[in-house]
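Listing of target.txt; format and content: compact mmCIF, C-alpha atoms.
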```txt
# COMPACT_ATOMS: atom_id res chain seq x y z
CA MET C 1 105.33 96.81 96.34
CA ALA C 2 104.38 100.14 97.86
CA GLN C 3 102.12 102.73 96.23
CA ASP C 4 104.95 104.63 94.53
CA HIS C 5 106.33 101.35 93.17
CA PHE C 6 102.94 100.46 91.74
CA GLU C 7 102.83 103.80 89.94
CA GLU C 8 106.35 103.16 88.72
CA LEU C 9 105.25 99.84 87.25
CA ARG C 10 102.25 101.49 85.63
CA ARG C 11 104.47 104.13 84.02
CA PHE C 12 106.85 101.43 82.86
CA LEU C 13 104.06 99.53 81.11
CA LEU C 14 102.87 102.72 79.46
CA ASP C 15 106.41 103.29 78.26
CA CYS C 16 106.51 99.75 76.84
CA GLU C 17 103.40 100.45 74.80
CA GLU C 18 104.93 103.68 73.47
CA ARG C 19 108.27 102.06 72.63
CA ALA C 20 106.51 99.19 70.84
CA LYS C 21 104.89 101.53 68.31
CA ASP C 22 107.95 101.19 66.06
CA GLY C 23 107.76 97.39 66.39
CA HIS C 24 111.12 96.91 68.08
CA LEU C 25 110.37 96.13 71.73
CA ALA C 26 111.24 92.54 72.63
CA LEU C 27 109.57 90.68 75.47
CA GLY C 28 112.91 90.13 77.19
CA ASP C 29 113.77 93.83 77.10
CA ALA C 30 110.52 94.66 78.87
CA ILE C 31 111.05 91.97 81.52
CA ASP C 32 114.62 93.10 82.10
CA GLY C 33 113.37 96.64 82.62
CA MET C 34 111.02 95.56 85.40
CA GLY C 35 113.86 94.20 87.50
CA PRO C 36 112.86 92.09 90.55
CA SER C 37 109.25 93.28 90.21
CA ALA C 38 108.99 91.10 87.11
CA PHE C 39 108.82 87.93 89.24
CA PRO C 40 105.57 88.69 91.14
CA PHE C 41 104.12 90.52 88.13
CA LEU C 42 104.62 87.54 85.80
CA CYS C 43 103.38 85.08 88.41
CA ILE C 44 100.18 87.08 88.99
CA ILE C 45 99.38 87.46 85.30
CA GLN C 46 100.13 83.80 84.52
CA SER C 47 98.35 82.34 87.55
CA ILE C 48 94.99 84.01 86.84
CA PRO C 49 93.90 81.48 84.14
CA PHE C 50 94.61 78.56 86.48
CA VAL C 51 92.56 79.87 89.43
CA GLN C 52 89.35 78.19 88.33
CA PRO C 53 87.91 74.80 89.29
CA ILE C 54 88.22 73.07 85.90
CA SER C 55 91.33 70.96 85.37
CA LEU C 56 93.43 72.25 82.47
CA GLY C 57 95.30 68.97 82.01
CA PRO C 58 98.55 69.32 80.03
CA LEU C 59 98.32 73.11 80.19
CA ALA C 60 98.47 72.92 83.98
CA THR C 61 101.49 70.62 83.77
CA ALA C 62 103.33 72.99 81.42
CA GLY C 63 102.31 76.03 83.45
CA GLY C 64 103.35 74.36 86.69
CA LEU C 65 106.83 73.64 85.36
CA GLY C 66 107.09 77.27 84.27
CA PHE C 67 106.17 78.44 87.77
CA ALA C 68 108.69 76.01 89.24
CA ALA C 69 111.41 77.57 87.08
CA LEU C 70 110.43 81.09 88.16
CA GLY C 71 110.31 80.07 91.81
CA TRP C 72 113.75 78.46 91.59
CA GLN C 73 115.20 81.68 90.22
CA MET C 74 113.55 83.62 93.06
CA MET C 75 115.05 81.21 95.59
CA LYS C 76 118.51 81.80 94.12
CA GLY C 77 118.08 85.57 94.44
CA ALA C 78 118.02 86.37 90.71
CA ASP C 79 117.59 90.06 89.88
CA ARG C 80 115.21 89.36 87.02
CA PRO C 81 113.59 86.31 85.42
CA TRP C 82 115.55 84.31 82.88
CA ILE C 83 113.60 83.17 79.85
CA PRO C 84 114.75 81.22 76.76
CA ARG C 85 116.48 83.31 74.10
CA ARG C 86 113.69 82.75 71.56
CA LEU C 87 111.12 84.23 73.94
CA HIS C 88 113.52 86.93 75.08
CA ASP C 89 113.98 88.21 71.53
CA HIS C 90 110.33 87.88 70.52
CA GLU C 91 108.97 91.32 69.57
CA ILE C 92 105.45 92.26 70.66
CA SER C 93 103.33 94.77 68.80
CA ALA C 94 102.03 98.00 70.32
CA ARG C 95 98.49 96.60 70.12
CA ALA C 96 99.50 93.52 72.09
CA TRP C 97 101.29 95.69 74.65
CA ARG C 98 98.14 97.78 75.00
CA LEU C 99 96.16 94.62 75.76
CA ILE C 100 98.80 93.47 78.25
CA LEU C 101 98.78 96.92 79.84
CA GLU C 102 95.00 97.08 80.21
CA THR C 103 94.74 93.54 81.57
CA SER C 104 97.68 93.97 83.95
CA LEU C 105 96.48 97.25 85.41
CA ARG C 106 92.96 95.88 85.84
CA VAL C 107 94.24 92.79 87.67
CA VAL C 108 96.73 94.63 89.86
CA SER C 109 94.23 97.37 90.70
CA LEU C 110 91.72 94.71 91.79
CA LEU C 111 94.29 92.95 93.93
CA ARG C 112 95.23 96.20 95.65
CA ARG C 113 91.72 96.37 97.09
CA ILE C 114 92.40 93.31 99.25
CA SER C 115 96.03 93.98 100.03
CA ARG C 116 98.15 96.65 101.68
CA PRO C 117 101.60 96.83 103.32
CA ARG C 118 101.48 94.57 106.41
CA LEU C 119 103.94 92.36 108.29
CA PRO C 120 106.88 93.54 106.15
CA GLN C 121 109.29 91.14 107.85
CA LEU C 122 107.63 88.31 105.93
CA VAL C 123 108.44 89.80 102.52
CA HIS C 124 111.31 92.27 102.81
CA SER C 125 114.41 90.25 103.72
CA PRO C 126 116.37 88.08 101.24
CA LYS C 127 115.41 85.00 103.27
CA ALA C 128 111.74 85.96 103.07
CA ARG C 129 111.95 86.43 99.31
CA SER C 130 113.78 83.12 98.97
CA PHE C 131 111.04 81.42 100.99
CA GLY C 132 108.45 83.00 98.71
CA GLY C 133 110.34 81.57 95.75
CA PHE C 134 110.24 78.15 97.39
CA LEU C 135 106.46 78.40 97.78
CA VAL C 136 106.10 79.34 94.11
CA ALA C 137 108.40 76.53 92.94
CA PHE C 138 106.81 73.88 95.17
CA SER C 139 103.29 74.92 94.20
CA GLY C 140 104.32 74.85 90.55
CA LEU C 141 105.50 71.26 90.94
CA LEU C 142 102.20 70.34 92.59
CA MET C 143 100.34 71.92 89.70
CA ALA C 144 102.46 69.94 87.24
CA ILE C 145 101.28 66.58 88.65
CA PRO C 146 99.19 65.08 85.80
CA PHE C 147 95.83 64.67 87.58
CA MET C 148 93.75 64.60 84.41
CA GLY C 149 90.22 65.83 85.02
CA LEU C 150 90.64 66.22 88.79
CA PRO C 151 88.80 69.32 90.08
CA LEU C 152 90.96 71.95 91.81
CA ASN C 153 94.25 70.29 90.83
CA ASN C 154 95.49 73.52 89.25
CA THR C 155 93.26 75.87 91.29
CA LEU C 156 94.80 75.40 94.73
CA PRO C 157 98.50 75.56 93.71
CA ALA C 158 97.76 78.58 91.49
CA LEU C 159 96.06 80.31 94.41
CA VAL C 160 99.19 79.80 96.54
CA ILE C 161 101.31 81.35 93.78
CA LEU C 162 98.88 84.23 93.39
CA LEU C 163 98.86 85.01 97.13
CA VAL C 164 102.65 84.86 97.41
CA SER C 165 103.00 87.16 94.41
CA ILE C 166 100.48 89.64 95.78
CA GLY C 167 102.42 89.68 99.03
CA GLU C 168 105.65 90.37 97.16
CA LEU C 169 104.15 93.02 94.90
CA GLU C 170 102.24 94.80 97.69
CA GLU C 171 104.69 94.12 100.55
CA ASP C 172 101.88 92.30 102.37
CA GLY C 173 103.10 89.55 104.69
CA LEU C 174 99.53 88.54 105.49
CA MET C 175 99.21 87.21 101.95
CA VAL C 176 102.15 84.88 102.64
CA ILE C 177 100.38 83.55 105.73
CA LEU C 178 97.24 82.94 103.68
CA ALA C 179 99.38 81.23 101.04
CA LEU C 180 100.74 78.84 103.67
CA PHE C 181 97.20 78.01 104.77
CA VAL C 182 96.13 77.28 101.19
CA LEU C 183 99.29 75.21 100.65
CA ALA C 184 98.41 73.09 103.71
CA LEU C 185 94.92 72.64 102.27
CA THR C 186 96.45 71.69 98.91
CA LEU C 187 98.70 69.05 100.46
CA ALA C 188 95.77 67.61 102.41
CA TYR C 189 93.65 67.46 99.26
CA PHE C 190 96.38 65.87 97.15
CA GLY C 191 97.17 63.44 99.98
CA LEU C 192 93.54 62.37 100.07
CA ILE C 193 93.58 61.80 96.31
CA PHE C 194 96.71 59.67 96.52
CA TYR C 195 95.15 57.69 99.37
CA VAL C 196 91.98 57.03 97.39
CA ILE C 197 93.91 56.01 94.28
CA PHE C 198 96.68 53.87 95.76
CA VAL C 199 95.15 52.52 98.99
CA LEU C 200 91.41 52.35 98.53
CA GLY C 201 91.88 51.76 94.80
CA GLY C 202 94.13 48.77 95.48
CA ASN C 203 91.71 47.31 98.02
CA ALA C 204 88.84 47.75 95.58
CA MET C 205 90.79 45.88 92.90
CA ASP C 206 91.52 43.02 95.31
CA TYR C 207 87.83 42.85 96.19
CA LEU C 208 86.78 42.77 92.54
CA ASN C 209 89.37 40.09 91.76
CA GLY C 210 87.97 38.00 94.62
CA LEU C 211 84.45 38.32 93.26
CA TRP C 212 85.67 37.39 89.77
CA LYS C 213 87.39 34.25 91.00
CA ALA C 214 84.31 33.26 93.01
CA LEU C 215 82.13 33.12 89.90
CA PRO C 216 81.34 29.59 88.65
CA GLY C 217 83.80 28.52 86.02
CA PHE C 218 86.30 31.27 86.84
CA GLY C 219 87.57 30.16 90.23
CA GLY C 220 91.07 28.91 90.72
```
Using the file provided, produce a representation of the structure as structure tokens.
Amino acid sequence: MAQDHFEELRRFLLDCEERAKDGHLALGDAIDGMGPSAFPFLCIIQSIPFVQPISLGPLATAGGLGFAALGWQMMKGADRPWIPRRLHDHEISARAWRLILETSLRVVSLLRRISRPRLPQLVHSPKARSFGGFLVAFSGLLMAIPFMGLPLNNTLPALVILLVSIGELEEDGLMVILALFVLALTLAYFGLIFYVIFVLGGNAMDYLNGLWKALPGFGG
């Protein structure tokens, strides 16, 4: 998203806070007003809590499925995110909107320091946006894998989602390239974990079973 679009988003959030003062601004109305910008904006805000090394367990699974749903909608070329009716109609207070506004502007302003419009061909076209949606959806599914207590199991997929979303929001194709690099690292890490669990783990069990049977009185 270019500079003028960022200012447009900032003004929109300020307007949401003002409209919520009478207590009648629903979450869905605000998301609908953002249009396509809502996809990267929501992904950035939601991915921040997961970009830390501690496994969040079931929260990561639920969050990953949510990202997968958003990514699928992006792949299909949706104009704005679809959310369940109950969430769509949920009204948020002006105080809550003020907190959302302050947090959102702080996060986006920080991200703008490391991003600028580059390699627009990687983010502008419908195919590029669809590919970005695929990266979000696939990373969400990786995050949803229930690796309880495994370090970085939600960090790496969330970082992919964050980079893709920055690229979409700031029209920065370099962020998409970095996201692909992190995704490759994520697949290598998860592949290593699967190898340790299912290959080395199975061999270790066979070895322990052999030792158990070799003990006096326990052999076959």
Using only C-alpha atoms, which of C:Ala60, C:Leu27, C:Leu65, C:Met34 sits nearest Leu169 (chain C)? C:Met34
Report the distance between CA of Pro40 (chain C) and CA of Thr103 (chain C) in Å, rounded to one decimal place. 15.2 Å
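Between Leu122 (chain C) and the residues C:Val176, C:Cys43, C:Leu14, C:Leu56, the shortest atom-to-atom distance, using all atoms listed in the file, involves C:Val176.
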C:Val136, C:Ala96, C:Leu59, C:Ile114: which is nearest Leu42 (chain C), counting only C-alpha atoms?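 Closest residue, counting only C-alpha atoms: C:Val136.
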From the list C:Gly167, C:Pro49, C:Gly64, C:Pro58, which residue is nearest Arg116 (chain C) when using all atoms listed in the file?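 The closest residue to Arg116 (chain C) is C:Gly167.
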Coordinates-based distance that separates CA of Lys76 (chain C) from CA of Leu135 (chain C) (Å, one decimal):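 A separation of 13.0 Å between them.
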Using Å and a single decimal, report how far CA of Ile44 (chain C) sits from CA of Ser165 (chain C). 6.1 Å
Nearest-residue call for Arg86 (chain C), choices C:Gly33, C:Gly66, C:Gly28, C:Gly173, using all atoms listed in the file: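 Counting all atoms listed in the file, the residue closest to Arg86 (chain C) is C:Gly28.
The smallest atom-to-atom distance between Pro157 (chain C) and any of C:Leu119, C:Ala30, C:Ile193, C:Ala68, using all atoms listed in the file, is found for C:Ala68.
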